[in-house]
Protein chains: 2
Amino acid sequence: MRKLGAQLGVEAMSLYRYVSSKEDLLDGLVDLVFAEVEVDEPGTTEWRTAMRERAHSHRAAMRRHPWAVGFMEGRMQPGPASLRVHDATLGILRAAGFPFRAAVHANSVLDAYVYGFALQERGLPAQADGDTAEVMREQARHVPEMSNFPHLVEAMREFAETGFDYDAEFAFGLELILDGIERAEGFSAVAPGG
Amino acid sequence: MRKLGAQLGVEAMSLYRYVSSKEDLLDGLVDLVFAEVEVDEPGTTEWRTAMRERAHSHRAAMRRHPWAVGFMEGRMQPGPASLRVHDATLGILRAAGFPFRAAVHANSVLDAYVYGFALQERGLPAQADGDTAEVMREQARHVPEMSNFPHLVEAMREFAETGFDYDAEFAFGLELILDGIERAEGFSAVAPGG
DNA sequence: ACCTGAACACCGTTCAAGT
DNA sequence: ACCTGAACACCGTTCAAGT
């Protein structure tokens with residue numbers, strides 16, 4: 001509050017003319033992040049494509065605003081952008097013919113994956129200066145009592161050489177889940193409208 | 001710090017004899033949460049069973065300590081319990097015959113899902129007093145301008161009647177992902193050691 | 001060895017008072 | 001209508017000083 005005020009050339013207390021609390025302000029900010037998430041209109045795009053694109057867009061928004069990751073879901077006062085995203089996502093699945101329960105399941109797995117991946121990605125190496133391998137090498141030296149953990153040693157060695165491709169990793173899991181949804185419900189790339 | 005001190009019948013500053021900072025203390029607490037996660041020894045259990053049980057145990061630990069959800073991954077000083085869990089998880093997959101890259105992929109999707117689900121579960125309705133439906137009804141009344149979002153309205157109505165079964169939802173996604181891993185790598189329930 | 005008083009540099013928030 | 005000074009009830013942390 002105090003810092004935000006300063007950045008606006010004003011005292012902290014002035015902000016309370018516009019927001020009722022820090023929580024309220026945060027609600028607004030979170031909805032701005034949701035506003036950056038692109039979702040197709042239900043019924044306009046094949047569901048798998050639409051869900052894939054939403055997931056990538058959602059992840060991208062959270063990479064731009066890492067602080068938001070823990071705040072986007074479970075908010076008691078979801079803003080209009082949040083409602084839009086969630087409604088459209090369910091709508092896409094329903095329009096493709098998913099029964100209500102199936103749509104909820106599909107949405108649930110995908111969302112959990114997207115948020116969880118963003119959570120892991122945030123604060124992990126790499127985004128410091130983009131050089132994953134460097135950070136890994138540093139970390140490897142720092143832990144000599146790692147000999148009890150051979151698989152972690154293998155992982156550090158491997159990634160110290162090759163780095164870690166977050167984009168590829170994310171895409172792998174995403175396609176795996178989309179495959180699973182398609183199979184679980186027997187929906188093989190149904191065209192818009194059924 | 002001040003509150004913790006008080007709870008120990010001591011001033012806040014005394015704590016700095018035992019931890020070097022709040023961050024340091026948090027590292028220790030997080031590792032205590034990891035210590036509650038049960039993982040089979042690599043090679044003792046069929047990989048699918050082992051991974052399923054670890055996921056359930058991991059989620060259970062985070063339900064007992066919701067504050068920990070955002071802190072468990074990406075810590076720069078992982079404690080011994082954290083190292084144990086991660087090493088054992090990779091070990092289980094490797095022992096089942098997964099090549100290194102495949103094991104990393106499998107672990108990555110599963111972890112993202114587990115953390116993401118825990119993130120969504122935390123703070124959402126239900127855990128207030130266990131009555132999801134009640135909270136949903138309340139929320140439904142509170143938002144009349146929801147008419148723009150028919151699928152959310154449908155969801156609220158549905159869950160206001162039936163409640164929301166987090167356990168079933170978690171299990172559904174978990175099995176879907178385990179299926180996907182099995183299929184992606186061509187590992188159909190390989191016995192320990194081969 | 002273990003604890004603390006005083007102090008520093010912070011927070012979010014209220015409220016009566018200013019223009 | 002919009003802003004603020006003073007104040008309240010907090011934080012984490014340092015450090016010299018106590019026993």
# chains A, B, ... in the order shown; residues from 1 in each chain; ligands from 1
>>> interface_residues(of="chain B", to="chain C", cutoff="9 Å", atoms="only C-alpha atoms (C1' of nucleotides)", output="list of chain:residue names")
B:Val10, B:Glu11, B:Met13, B:Ser14, B:Arg17
>>> write_last_selection(atoms="N, CA and C atoms", output="mmCIF file, in the first residue's frame")
data_model
loop_
_atom_site.group_PDB
_atom_site.id
_atom_site.type_symbol
_atom_site.label_atom_id
_atom_site.label_comp_id
_atom_site.auth_asym_id
_atom_site.auth_seq_id
_atom_site.Cartn_x
_atom_site.Cartn_y
_atom_site.Cartn_z
ATOM 1 N N VAL B 10 8.669 -16.997 25.196
ATOM 2 C CA VAL B 10 9.982 -16.396 25.019
ATOM 3 C C VAL B 10 9.844 -15.192 24.086
ATOM 4 N N GLU B 11 10.791 -14.293 24.083
ATOM 5 C CA GLU B 11 10.733 -13.160 23.171
ATOM 6 C C GLU B 11 11.128 -13.591 21.763
ATOM 7 N N MET B 13 13.237 -12.442 19.699
ATOM 8 C CA MET B 13 14.661 -12.398 19.329
ATOM 9 C C MET B 13 15.394 -13.687 19.710
ATOM 10 N N SER B 14 14.892 -14.361 20.722
ATOM 11 C CA SER B 14 15.534 -15.606 21.167
ATOM 12 C C SER B 14 15.584 -16.642 20.055
ATOM 13 N N ARG B 17 18.678 -17.558 17.903
ATOM 14 C CA ARG B 17 19.737 -18.445 18.351
ATOM 15 C C ARG B 17 19.640 -19.788 17.619
#
>>> interface_residues(of="chain A", to="chain B", cutoff="8 Å", atoms="only C-alpha atoms", output="ChimeraX atom specification")
/A:70,73-75,83-84,86-88,90-91,105,108-109,111-117,119-125,149-152,169,172-173,176-177,179-181,184
>>> closest_residue(among="B:Ala50, B:Ala95, B:Glu23, B:Met62", to="B:Glu36", atoms="only C-alpha atoms")
B:Met62
>>> calpha_fit_and_write(fixed="chain A", moving="chain B", output="PDB file with C-alpha atoms, in the first residue's frame")
ATOM      1  CA  MET B   1       0.055   0.017  -0.005  1.00  0.00           C
ATOM      2  CA  ARG B   2       2.722   2.493   1.071  1.00  0.00           C
ATOM      3  CA  LYS B   3       4.912   1.591  -1.880  1.00  0.00           C
ATOM      4  CA  LEU B   4       2.039   1.684  -4.340  1.00  0.00           C
ATOM      5  CA  GLY B   5       1.041   5.068  -2.979  1.00  0.00           C
ATOM      6  CA  ALA B   6       4.590   6.347  -3.361  1.00  0.00           C
ATOM      7  CA  GLN B   7       4.693   5.042  -6.922  1.00  0.00           C
ATOM      8  CA  LEU B   8       1.556   7.073  -7.613  1.00  0.00           C
ATOM      9  CA  GLY B   9       2.977  10.150  -5.908  1.00  0.00           C
ATOM     10  CA  VAL B  10       0.508   9.955  -3.066  1.00  0.00           C
ATOM     11  CA  GLU B  11       0.278   8.784   0.543  1.00  0.00           C
ATOM     12  CA  ALA B  12      -0.840   5.224   1.307  1.00  0.00           C
ATOM     13  CA  MET B  13      -4.080   6.324   2.934  1.00  0.00           C
ATOM     14  CA  SER B  14      -5.353   7.946  -0.255  1.00  0.00           C
ATOM     15  CA  LEU B  15      -5.704   4.514  -1.818  1.00  0.00           C
ATOM     16  CA  TYR B  16      -8.549   3.699   0.529  1.00  0.00           C
ATOM     17  CA  ARG B  17     -10.735   6.121  -1.420  1.00  0.00           C
ATOM     18  CA  TYR B  18     -10.567   3.637  -4.320  1.00  0.00           C
ATOM     19  CA  VAL B  19     -10.197   0.197  -2.746  1.00  0.00           C
ATOM     20  CA  SER B  20     -11.640  -0.946   0.532  1.00  0.00           C
ATOM     21  CA  SER B  21      -8.611  -3.012   1.503  1.00  0.00           C
ATOM     22  CA  LYS B  22      -5.451  -4.604   0.175  1.00  0.00           C
ATOM     23  CA  GLU B  23      -7.481  -7.763  -0.397  1.00  0.00           C
ATOM     24  CA  ASP B  24      -9.918  -5.808  -2.548  1.00  0.00           C
ATOM     25  CA  LEU B  25      -7.070  -4.382  -4.606  1.00  0.00           C
ATOM     26  CA  LEU B  26      -5.626  -7.864  -5.031  1.00  0.00           C
ATOM     27  CA  ASP B  27      -8.986  -9.125  -6.298  1.00  0.00           C
ATOM     28  CA  GLY B  28      -8.843  -6.467  -8.982  1.00  0.00           C
ATOM     29  CA  LEU B  29      -5.274  -7.291  -9.959  1.00  0.00           C
ATOM     30  CA  VAL B  30      -6.033 -10.991 -10.171  1.00  0.00           C
ATOM     31  CA  ASP B  31      -8.903 -10.286 -12.502  1.00  0.00           C
ATOM     32  CA  LEU B  32      -6.575  -8.257 -14.716  1.00  0.00           C
ATOM     33  CA  VAL B  33      -4.425 -11.377 -15.013  1.00  0.00           C
ATOM     34  CA  PHE B  34      -7.500 -13.422 -15.920  1.00  0.00           C
ATOM     35  CA  ALA B  35      -8.270 -10.783 -18.542  1.00  0.00           C
ATOM     36  CA  GLU B  36      -5.002 -11.736 -20.257  1.00  0.00           C
ATOM     37  CA  VAL B  37      -6.112 -15.350 -20.630  1.00  0.00           C
ATOM     38  CA  GLU B  38      -7.430 -15.961 -24.124  1.00  0.00           C
ATOM     39  CA  VAL B  39     -10.284 -18.429 -24.561  1.00  0.00           C
ATOM     40  CA  ASP B  40     -12.205 -19.204 -27.724  1.00  0.00           C
ATOM     41  CA  GLU B  41     -15.940 -18.704 -27.802  1.00  0.00           C
ATOM     42  CA  PRO B  42     -17.695 -22.015 -27.125  1.00  0.00           C
ATOM     43  CA  GLY B  43     -18.661 -23.822 -30.316  1.00  0.00           C
ATOM     44  CA  THR B  44     -16.227 -22.013 -32.592  1.00  0.00           C
ATOM     45  CA  THR B  45     -13.229 -24.297 -32.274  1.00  0.00           C
ATOM     46  CA  GLU B  46     -12.583 -28.000 -31.928  1.00  0.00           C
ATOM     47  CA  TRP B  47     -12.494 -28.604 -28.153  1.00  0.00           C
ATOM     48  CA  ARG B  48      -8.989 -30.059 -28.032  1.00  0.00           C
ATOM     49  CA  THR B  49      -7.489 -27.112 -29.851  1.00  0.00           C
ATOM     50  CA  ALA B  50      -9.462 -24.661 -27.738  1.00  0.00           C
ATOM     51  CA  MET B  51      -8.429 -26.305 -24.466  1.00  0.00           C
ATOM     52  CA  ARG B  52      -4.804 -26.538 -25.535  1.00  0.00           C
ATOM     53  CA  GLU B  53      -4.670 -22.877 -26.471  1.00  0.00           C
ATOM     54  CA  ARG B  54      -6.356 -21.777 -23.291  1.00  0.00           C
ATOM     55  CA  ALA B  55      -3.869 -23.776 -21.234  1.00  0.00           C
ATOM     56  CA  HIS B  56      -0.897 -22.225 -23.020  1.00  0.00           C
ATOM     57  CA  SER B  57      -2.368 -18.749 -22.727  1.00  0.00           C
ATOM     58  CA  HIS B  58      -3.147 -19.284 -19.063  1.00  0.00           C
ATOM     59  CA  ARG B  59       0.388 -20.435 -18.351  1.00  0.00           C
ATOM     60  CA  ALA B  60       1.830 -17.503 -20.283  1.00  0.00           C
ATOM     61  CA  ALA B  61      -0.225 -15.054 -18.221  1.00  0.00           C
ATOM     62  CA  MET B  62       1.076 -16.603 -14.999  1.00  0.00           C
ATOM     63  CA  ARG B  63       4.649 -16.424 -16.259  1.00  0.00           C
ATOM     64  CA  ARG B  64       4.159 -12.711 -16.789  1.00  0.00           C
ATOM     65  CA  HIS B  65       2.662 -12.361 -13.288  1.00  0.00           C
ATOM     66  CA  PRO B  66       4.189 -15.059 -11.060  1.00  0.00           C
ATOM     67  CA  TRP B  67       2.818 -13.475  -7.877  1.00  0.00           C
ATOM     68  CA  ALA B  68      -0.689 -14.305  -9.121  1.00  0.00           C
ATOM     69  CA  VAL B  69      -0.246 -18.088  -9.243  1.00  0.00           C
ATOM     70  CA  GLY B  70      -1.392 -18.754  -5.705  1.00  0.00           C
ATOM     71  CA  PHE B  71      -4.254 -16.269  -5.886  1.00  0.00           C
ATOM     72  CA  MET B  72      -6.168 -17.079  -9.043  1.00  0.00           C
ATOM     73  CA  GLU B  73      -8.296 -19.896  -7.751  1.00  0.00           C
ATOM     74  CA  GLY B  74     -10.434 -20.037  -4.647  1.00  0.00           C
ATOM     75  CA  ARG B  75     -11.005 -16.282  -4.553  1.00  0.00           C
ATOM     76  CA  MET B  76     -14.315 -15.536  -2.833  1.00  0.00           C
ATOM     77  CA  GLN B  77     -15.056 -12.549  -5.080  1.00  0.00           C
ATOM     78  CA  PRO B  78     -14.230 -13.718  -8.613  1.00  0.00           C
ATOM     79  CA  GLY B  79     -14.128 -10.816 -11.069  1.00  0.00           C
ATOM     80  CA  PRO B  80     -15.822 -10.698 -14.485  1.00  0.00           C
ATOM     81  CA  ALA B  81     -12.714 -11.848 -16.365  1.00  0.00           C
ATOM     82  CA  SER B  82     -12.381 -14.867 -14.099  1.00  0.00           C
ATOM     83  CA  LEU B  83     -16.038 -15.730 -14.614  1.00  0.00           C
ATOM     84  CA  ARG B  84     -15.643 -15.312 -18.379  1.00  0.00           C
ATOM     85  CA  VAL B  85     -12.662 -17.705 -18.526  1.00  0.00           C
ATOM     86  CA  HIS B  86     -14.331 -20.384 -16.436  1.00  0.00           C
ATOM     87  CA  ASP B  87     -17.673 -20.125 -18.187  1.00  0.00           C
ATOM     88  CA  ALA B  88     -16.097 -20.243 -21.639  1.00  0.00           C
ATOM     89  CA  THR B  89     -13.962 -23.251 -20.702  1.00  0.00           C
ATOM     90  CA  LEU B  90     -16.949 -25.233 -19.525  1.00  0.00           C
ATOM     91  CA  GLY B  91     -18.894 -23.977 -22.536  1.00  0.00           C
ATOM     92  CA  ILE B  92     -16.302 -25.273 -24.990  1.00  0.00           C
ATOM     93  CA  LEU B  93     -16.546 -28.753 -23.529  1.00  0.00           C
ATOM     94  CA  ARG B  94     -20.341 -28.729 -23.355  1.00  0.00           C
ATOM     95  CA  ALA B  95     -20.569 -27.505 -26.946  1.00  0.00           C
ATOM     96  CA  ALA B  96     -18.374 -30.424 -27.983  1.00  0.00           C
ATOM     97  CA  GLY B  97     -20.894 -32.792 -26.476  1.00  0.00           C
ATOM     98  CA  PHE B  98     -19.398 -33.489 -23.056  1.00  0.00           C
ATOM     99  CA  PRO B  99     -22.054 -34.257 -20.445  1.00  0.00           C
ATOM    100  CA  PHE B 100     -21.967 -31.878 -17.483  1.00  0.00           C
ATOM    101  CA  ARG B 101     -20.034 -34.173 -15.160  1.00  0.00           C
ATOM    102  CA  ALA B 102     -17.509 -35.054 -17.840  1.00  0.00           C
ATOM    103  CA  ALA B 103     -16.909 -31.391 -18.603  1.00  0.00           C
ATOM    104  CA  VAL B 104     -16.280 -30.678 -14.928  1.00  0.00           C
ATOM    105  CA  HIS B 105     -13.844 -33.571 -14.697  1.00  0.00           C
ATOM    106  CA  ALA B 106     -11.971 -32.527 -17.812  1.00  0.00           C
ATOM    107  CA  ASN B 107     -11.754 -28.934 -16.676  1.00  0.00           C
ATOM    108  CA  SER B 108     -10.658 -29.991 -13.225  1.00  0.00           C
ATOM    109  CA  VAL B 109      -7.664 -32.108 -14.343  1.00  0.00           C
ATOM    110  CA  LEU B 110      -6.516 -29.548 -16.845  1.00  0.00           C
ATOM    111  CA  ASP B 111      -6.745 -26.636 -14.434  1.00  0.00           C
ATOM    112  CA  ALA B 112      -4.955 -28.504 -11.689  1.00  0.00           C
ATOM    113  CA  TYR B 113      -2.175 -29.341 -14.116  1.00  0.00           C
ATOM    114  CA  VAL B 114      -1.861 -25.783 -15.423  1.00  0.00           C
ATOM    115  CA  TYR B 115      -1.764 -24.238 -11.949  1.00  0.00           C
ATOM    116  CA  GLY B 116       0.555 -26.891 -10.588  1.00  0.00           C
ATOM    117  CA  PHE B 117       2.983 -26.512 -13.451  1.00  0.00           C
ATOM    118  CA  ALA B 118       2.992 -22.744 -13.015  1.00  0.00           C
ATOM    119  CA  LEU B 119       3.619 -23.230  -9.312  1.00  0.00           C
ATOM    120  CA  GLN B 120       6.641 -25.443  -9.924  1.00  0.00           C
ATOM    121  CA  GLU B 121       7.955 -23.207 -12.656  1.00  0.00           C
ATOM    122  CA  ARG B 122       7.789 -20.127 -10.471  1.00  0.00           C
ATOM    123  CA  GLY B 123      10.927 -19.559  -8.446  1.00  0.00           C
ATOM    124  CA  LEU B 124      12.696 -22.593  -9.840  1.00  0.00           C
ATOM    125  CA  PRO B 125      16.004 -22.081 -11.646  1.00  0.00           C
ATOM    126  CA  ALA B 126      16.169 -20.761 -15.193  1.00  0.00           C
ATOM    127  CA  GLN B 127      14.105 -17.657 -14.955  1.00  0.00           C
ATOM    128  CA  ALA B 128      16.969 -15.974 -13.106  1.00  0.00           C
ATOM    129  CA  ASP B 129      19.002 -15.324 -16.229  1.00  0.00           C
ATOM    130  CA  GLY B 130      17.655 -17.971 -18.540  1.00  0.00           C
ATOM    131  CA  ASP B 131      20.581 -20.315 -17.978  1.00  0.00           C
ATOM    132  CA  THR B 132      19.163 -23.391 -16.304  1.00  0.00           C
ATOM    133  CA  ALA B 133      22.354 -25.381 -16.702  1.00  0.00           C
ATOM    134  CA  GLU B 134      24.451 -22.820 -14.833  1.00  0.00           C
ATOM    135  CA  VAL B 135      22.127 -22.813 -11.831  1.00  0.00           C
ATOM    136  CA  MET B 136      22.031 -26.603 -11.851  1.00  0.00           C
ATOM    137  CA  ARG B 137      25.832 -26.825 -11.820  1.00  0.00           C
ATOM    138  CA  GLU B 138      25.964 -24.419  -8.920  1.00  0.00           C
ATOM    139  CA  GLN B 139      23.343 -26.406  -7.034  1.00  0.00           C
ATOM    140  CA  ALA B 140      25.156 -29.656  -7.764  1.00  0.00           C
ATOM    141  CA  ARG B 141      28.408 -28.435  -6.218  1.00  0.00           C
ATOM    142  CA  HIS B 142      26.595 -27.093  -3.181  1.00  0.00           C
ATOM    143  CA  VAL B 143      25.338 -30.507  -2.106  1.00  0.00           C
ATOM    144  CA  PRO B 144      27.959 -33.215  -1.623  1.00  0.00           C
ATOM    145  CA  GLU B 145      25.889 -35.284   0.814  1.00  0.00           C
ATOM    146  CA  MET B 146      23.663 -36.044  -2.181  1.00  0.00           C
ATOM    147  CA  SER B 147      25.282 -39.451  -2.541  1.00  0.00           C
ATOM    148  CA  ASN B 148      22.325 -40.964  -0.701  1.00  0.00           C
ATOM    149  CA  PHE B 149      20.135 -39.827  -3.571  1.00  0.00           C
ATOM    150  CA  PRO B 150      21.497 -41.337  -6.764  1.00  0.00           C
ATOM    151  CA  HIS B 151      18.537 -40.439  -8.947  1.00  0.00           C
ATOM    152  CA  LEU B 152      18.696 -36.792  -8.000  1.00  0.00           C
ATOM    153  CA  VAL B 153      22.407 -36.807  -8.738  1.00  0.00           C
ATOM    154  CA  GLU B 154      21.659 -38.299 -12.133  1.00  0.00           C
ATOM    155  CA  ALA B 155      19.042 -35.617 -12.738  1.00  0.00           C
ATOM    156  CA  MET B 156      21.346 -32.759 -11.750  1.00  0.00           C
ATOM    157  CA  ARG B 157      24.155 -34.086 -13.922  1.00  0.00           C
ATOM    158  CA  GLU B 158      21.818 -34.502 -16.857  1.00  0.00           C
ATOM    159  CA  PHE B 159      20.214 -31.076 -16.583  1.00  0.00           C
ATOM    160  CA  ALA B 160      23.524 -29.393 -15.905  1.00  0.00           C
ATOM    161  CA  GLU B 161      24.479 -30.499 -19.385  1.00  0.00           C
ATOM    162  CA  THR B 162      21.251 -30.157 -21.299  1.00  0.00           C
ATOM    163  CA  GLY B 163      19.293 -27.589 -19.323  1.00  0.00           C
ATOM    164  CA  PHE B 164      15.598 -28.071 -18.648  1.00  0.00           C
ATOM    165  CA  ASP B 165      13.042 -27.335 -21.340  1.00  0.00           C
ATOM    166  CA  TYR B 166       9.961 -26.085 -19.493  1.00  0.00           C
ATOM    167  CA  ASP B 167       7.978 -25.489 -22.659  1.00  0.00           C
ATOM    168  CA  ALA B 168       8.493 -29.035 -23.897  1.00  0.00           C
ATOM    169  CA  GLU B 169       7.762 -30.444 -20.452  1.00  0.00           C
ATOM    170  CA  PHE B 170       4.533 -28.483 -20.202  1.00  0.00           C
ATOM    171  CA  ALA B 171       3.422 -29.511 -23.664  1.00  0.00           C
ATOM    172  CA  PHE B 172       4.127 -33.178 -22.946  1.00  0.00           C
ATOM    173  CA  GLY B 173       1.913 -33.253 -19.867  1.00  0.00           C
ATOM    174  CA  LEU B 174      -0.769 -31.193 -21.525  1.00  0.00           C
ATOM    175  CA  GLU B 175      -1.078 -33.534 -24.500  1.00  0.00           C
ATOM    176  CA  LEU B 176      -1.028 -36.540 -22.192  1.00  0.00           C
ATOM    177  CA  ILE B 177      -3.980 -35.140 -20.287  1.00  0.00           C
ATOM    178  CA  LEU B 178      -5.869 -34.107 -23.428  1.00  0.00           C
ATOM    179  CA  ASP B 179      -5.372 -37.654 -24.719  1.00  0.00           C
ATOM    180  CA  GLY B 180      -6.717 -38.970 -21.460  1.00  0.00           C
ATOM    181  CA  ILE B 181      -9.797 -36.791 -21.587  1.00  0.00           C
ATOM    182  CA  GLU B 182     -10.482 -37.758 -25.158  1.00  0.00           C
ATOM    183  CA  ARG B 183     -10.206 -41.419 -24.323  1.00  0.00           C
ATOM    184  CA  ALA B 184     -12.071 -41.307 -21.032  1.00  0.00           C
ATOM    185  CA  GLU B 185     -15.123 -39.753 -22.625  1.00  0.00           C
ATOM    186  CA  GLY B 186     -14.908 -41.341 -26.016  1.00  0.00           C
ATOM    187  CA  PHE B 187     -14.690 -37.949 -27.677  1.00  0.00           C
ATOM    188  CA  SER B 188     -12.262 -38.108 -30.537  1.00  0.00           C
ATOM    189  CA  ALA B 189     -11.949 -34.543 -31.749  1.00  0.00           C
ATOM    190  CA  VAL B 190     -15.672 -33.926 -32.106  1.00  0.00           C
ATOM    191  CA  ALA B 191     -16.499 -31.048 -34.437  1.00  0.00           C
ATOM    192  CA  PRO B 192     -18.184 -27.926 -32.995  1.00  0.00           C
ATOM    193  CA  GLY B 193     -21.843 -28.547 -32.248  1.00  0.00           C
ATOM    194  CA  GLY B 194     -21.733 -32.271 -32.203  1.00  0.00           C
TER     195      GLY B 194
END
>>> select_by_dssp(residues="stretch 2-186 of chain B", states="alpha helix (DSSP H)", output="number ranges by chain")
B: 2-7, 22-35, 47-64, 80-95, 100-121, 132-142, 150-162, 166-185
>>> decode(residues="chain D", atoms="N, CA and C atoms (P, O5', C5', C4', C3', O3' and C1' of nucleotides)", output="short mmCIF file (atom, residue, chain, number, x, y, z; two decimals), in the first residue's frame")
data_model
loop_
_atom_site.label_atom_id
_atom_site.label_comp_id
_atom_site.auth_asym_id
_atom_site.auth_seq_id
_atom_site.Cartn_x
_atom_site.Cartn_y
_atom_site.Cartn_z
P DA D 1 -18.90 14.31 -3.45
"O5'" DA D 1 -17.49 14.11 -4.17
"C5'" DA D 1 -17.26 14.46 -5.50
"C4'" DA D 1 -15.79 14.73 -5.71
"C3'" DA D 1 -14.92 13.50 -5.51
"O3'" DA D 1 -13.98 13.42 -6.58
"C1'" DA D 1 -14.22 15.22 -4.02
P DC D 2 -13.03 12.16 -6.74
"O5'" DC D 2 -11.83 12.56 -5.79
"C5'" DC D 2 -10.83 13.44 -6.31
"C4'" DC D 2 -9.91 13.85 -5.19
"C3'" DC D 2 -8.98 12.73 -4.70
"O3'" DC D 2 -7.68 12.98 -5.21
"C1'" DC D 2 -9.82 14.08 -2.92
P DC D 3 -6.49 11.96 -4.89
"O5'" DC D 3 -5.99 12.49 -3.49
"C5'" DC D 3 -5.18 13.67 -3.48
"C4'" DC D 3 -4.98 14.11 -2.06
"C3'" DC D 3 -4.01 13.27 -1.26
"O3'" DC D 3 -2.76 13.97 -1.14
"C1'" DC D 3 -5.91 13.93 0.02
P DT D 4 -1.53 13.24 -0.43
"O5'" DT D 4 -1.82 13.56 1.10
"C5'" DT D 4 -1.81 14.91 1.53
"C4'" DT D 4 -1.95 14.96 3.05
"C3'" DT D 4 -0.94 14.09 3.80
"O3'" DT D 4 -0.41 14.86 4.85
"C1'" DT D 4 -3.13 13.61 4.53
P DG D 5 1.11 14.70 5.28
"O5'" DG D 5 0.96 15.10 6.83
"C5'" DG D 5 -0.25 15.75 7.28
"C4'" DG D 5 -0.30 15.78 8.78
"C3'" DG D 5 0.90 15.20 9.52
"O3'" DG D 5 1.00 15.83 10.80
"C1'" DG D 5 -0.95 13.69 9.68
P DA D 6 2.03 15.36 11.86
"O5'" DA D 6 1.14 14.36 12.75
"C5'" DA D 6 -0.21 14.71 13.05
"C4'" DA D 6 -0.87 13.63 13.90
"C3'" DA D 6 0.11 12.82 14.77
"O3'" DA D 6 -0.49 12.61 16.04
"C1'" DA D 6 -1.11 11.35 13.39
P DA D 7 0.31 11.84 17.21
"O5'" DA D 7 -0.42 10.41 17.22
"C5'" DA D 7 -1.85 10.38 17.12
"C4'" DA D 7 -2.31 8.96 16.86
"C3'" DA D 7 -1.54 7.90 17.67
"O3'" DA D 7 -2.46 7.25 18.54
"C1'" DA D 7 -1.85 7.25 15.38
P DC D 8 -1.93 6.11 19.55
"O5'" DC D 8 -2.38 4.75 18.85
"C5'" DC D 8 -3.75 4.59 18.49
"C4'" DC D 8 -3.92 3.22 17.83
"C3'" DC D 8 -3.13 2.12 18.53
"O3'" DC D 8 -3.99 1.02 18.81
"C1'" DC D 8 -2.64 2.15 16.21
P DA D 9 -3.60 -0.02 19.97
"O5'" DA D 9 -3.36 -1.34 19.13
"C5'" DA D 9 -4.22 -1.66 18.03
"C4'" DA D 9 -3.48 -2.51 17.03
"C3'" DA D 9 -2.54 -3.55 17.68
"O3'" DA D 9 -2.73 -4.80 17.05
"C1'" DA D 9 -1.42 -2.36 16.04
P DC D 10 -2.05 -6.16 17.58
"O5'" DC D 10 -0.49 -5.84 17.47
"C5'" DC D 10 0.40 -6.76 16.83
"C4'" DC D 10 0.47 -6.49 15.32
"C3'" DC D 10 1.63 -7.18 14.66
"O3'" DC D 10 1.26 -8.51 14.32
"C1'" DC D 10 1.39 -4.94 13.86
P DC D 11 2.25 -9.72 14.73
"O5'" DC D 11 3.07 -9.94 13.40
"C5'" DC D 11 4.32 -9.31 13.32
"C4'" DC D 11 4.71 -9.10 11.90
"C3'" DC D 11 6.15 -9.48 11.69
"O3'" DC D 11 6.20 -10.73 11.04
"C1'" DC D 11 5.85 -7.16 11.24
P DG D 12 7.11 -11.90 11.67
"O5'" DG D 12 8.54 -11.48 11.12
"C5'" DG D 12 8.74 -11.43 9.72
"C4'" DG D 12 10.08 -10.79 9.44
"C3'" DG D 12 11.26 -11.55 10.03
"O3'" DG D 12 12.30 -11.61 9.06
"C1'" DG D 12 11.25 -9.32 10.85
P DT D 13 13.65 -12.39 9.34
"O5'" DT D 13 14.52 -11.30 10.10
"C5'" DT D 13 14.83 -10.10 9.42
"C4'" DT D 13 15.72 -9.23 10.29
"C3'" DT D 13 16.84 -9.98 11.01
"O3'" DT D 13 18.08 -9.51 10.49
"C1'" DT D 13 15.76 -8.40 12.44
P DT D 14 19.47 -10.10 10.99
"O5'" DT D 14 19.96 -8.92 11.96
"C5'" DT D 14 19.86 -7.58 11.50
"C4'" DT D 14 20.52 -6.64 12.50
"C3'" DT D 14 21.77 -7.21 13.20
"O3'" DT D 14 22.74 -6.19 13.24
"C1'" DT D 14 20.18 -6.55 14.82
P DC D 15 24.29 -6.51 13.52
"O5'" DC D 15 24.59 -5.62 14.81
"C5'" DC D 15 23.58 -4.71 15.33
"C4'" DC D 15 23.82 -4.49 16.82
"C3'" DC D 15 24.98 -5.30 17.42
"O3'" DC D 15 25.58 -4.56 18.45
"C1'" DC D 15 23.02 -5.84 18.54
P DA D 16 27.17 -4.68 18.72
"O5'" DA D 16 27.32 -3.81 20.06
"C5'" DA D 16 26.47 -2.67 20.26
"C4'" DA D 16 25.76 -2.79 21.60
"C3'" DA D 16 26.66 -3.16 22.78
"O3'" DA D 16 26.44 -2.28 23.88
"C1'" DA D 16 24.82 -4.65 22.67
P DA D 17 27.32 -2.41 25.20
"O5'" DA D 17 26.33 -3.20 26.18
"C5'" DA D 17 25.01 -2.69 26.40
"C4'" DA D 17 24.22 -3.70 27.18
"C3'" DA D 17 24.97 -4.26 28.39
"O3'" DA D 17 24.42 -3.71 29.60
"C1'" DA D 17 23.81 -5.97 27.17
P DG D 18 24.48 -4.46 30.99
"O5'" DG D 18 22.96 -4.97 31.10
"C5'" DG D 18 22.59 -5.65 32.26
"C4'" DG D 18 21.94 -6.97 31.92
"C3'" DG D 18 22.20 -8.06 32.95
"O3'" DG D 18 21.17 -8.07 33.92
"C1'" DG D 18 22.24 -8.91 30.68
P DT D 19 21.45 -8.75 35.31
"O5'" DT D 19 21.51 -10.28 34.92
"C5'" DT D 19 20.50 -11.19 35.38
"C4'" DT D 19 20.91 -12.60 35.04
"C3'" DT D 19 22.05 -13.14 35.90
"O3'" DT D 19 21.54 -13.75 37.09
"C1'" DT D 19 22.29 -13.77 33.60
#
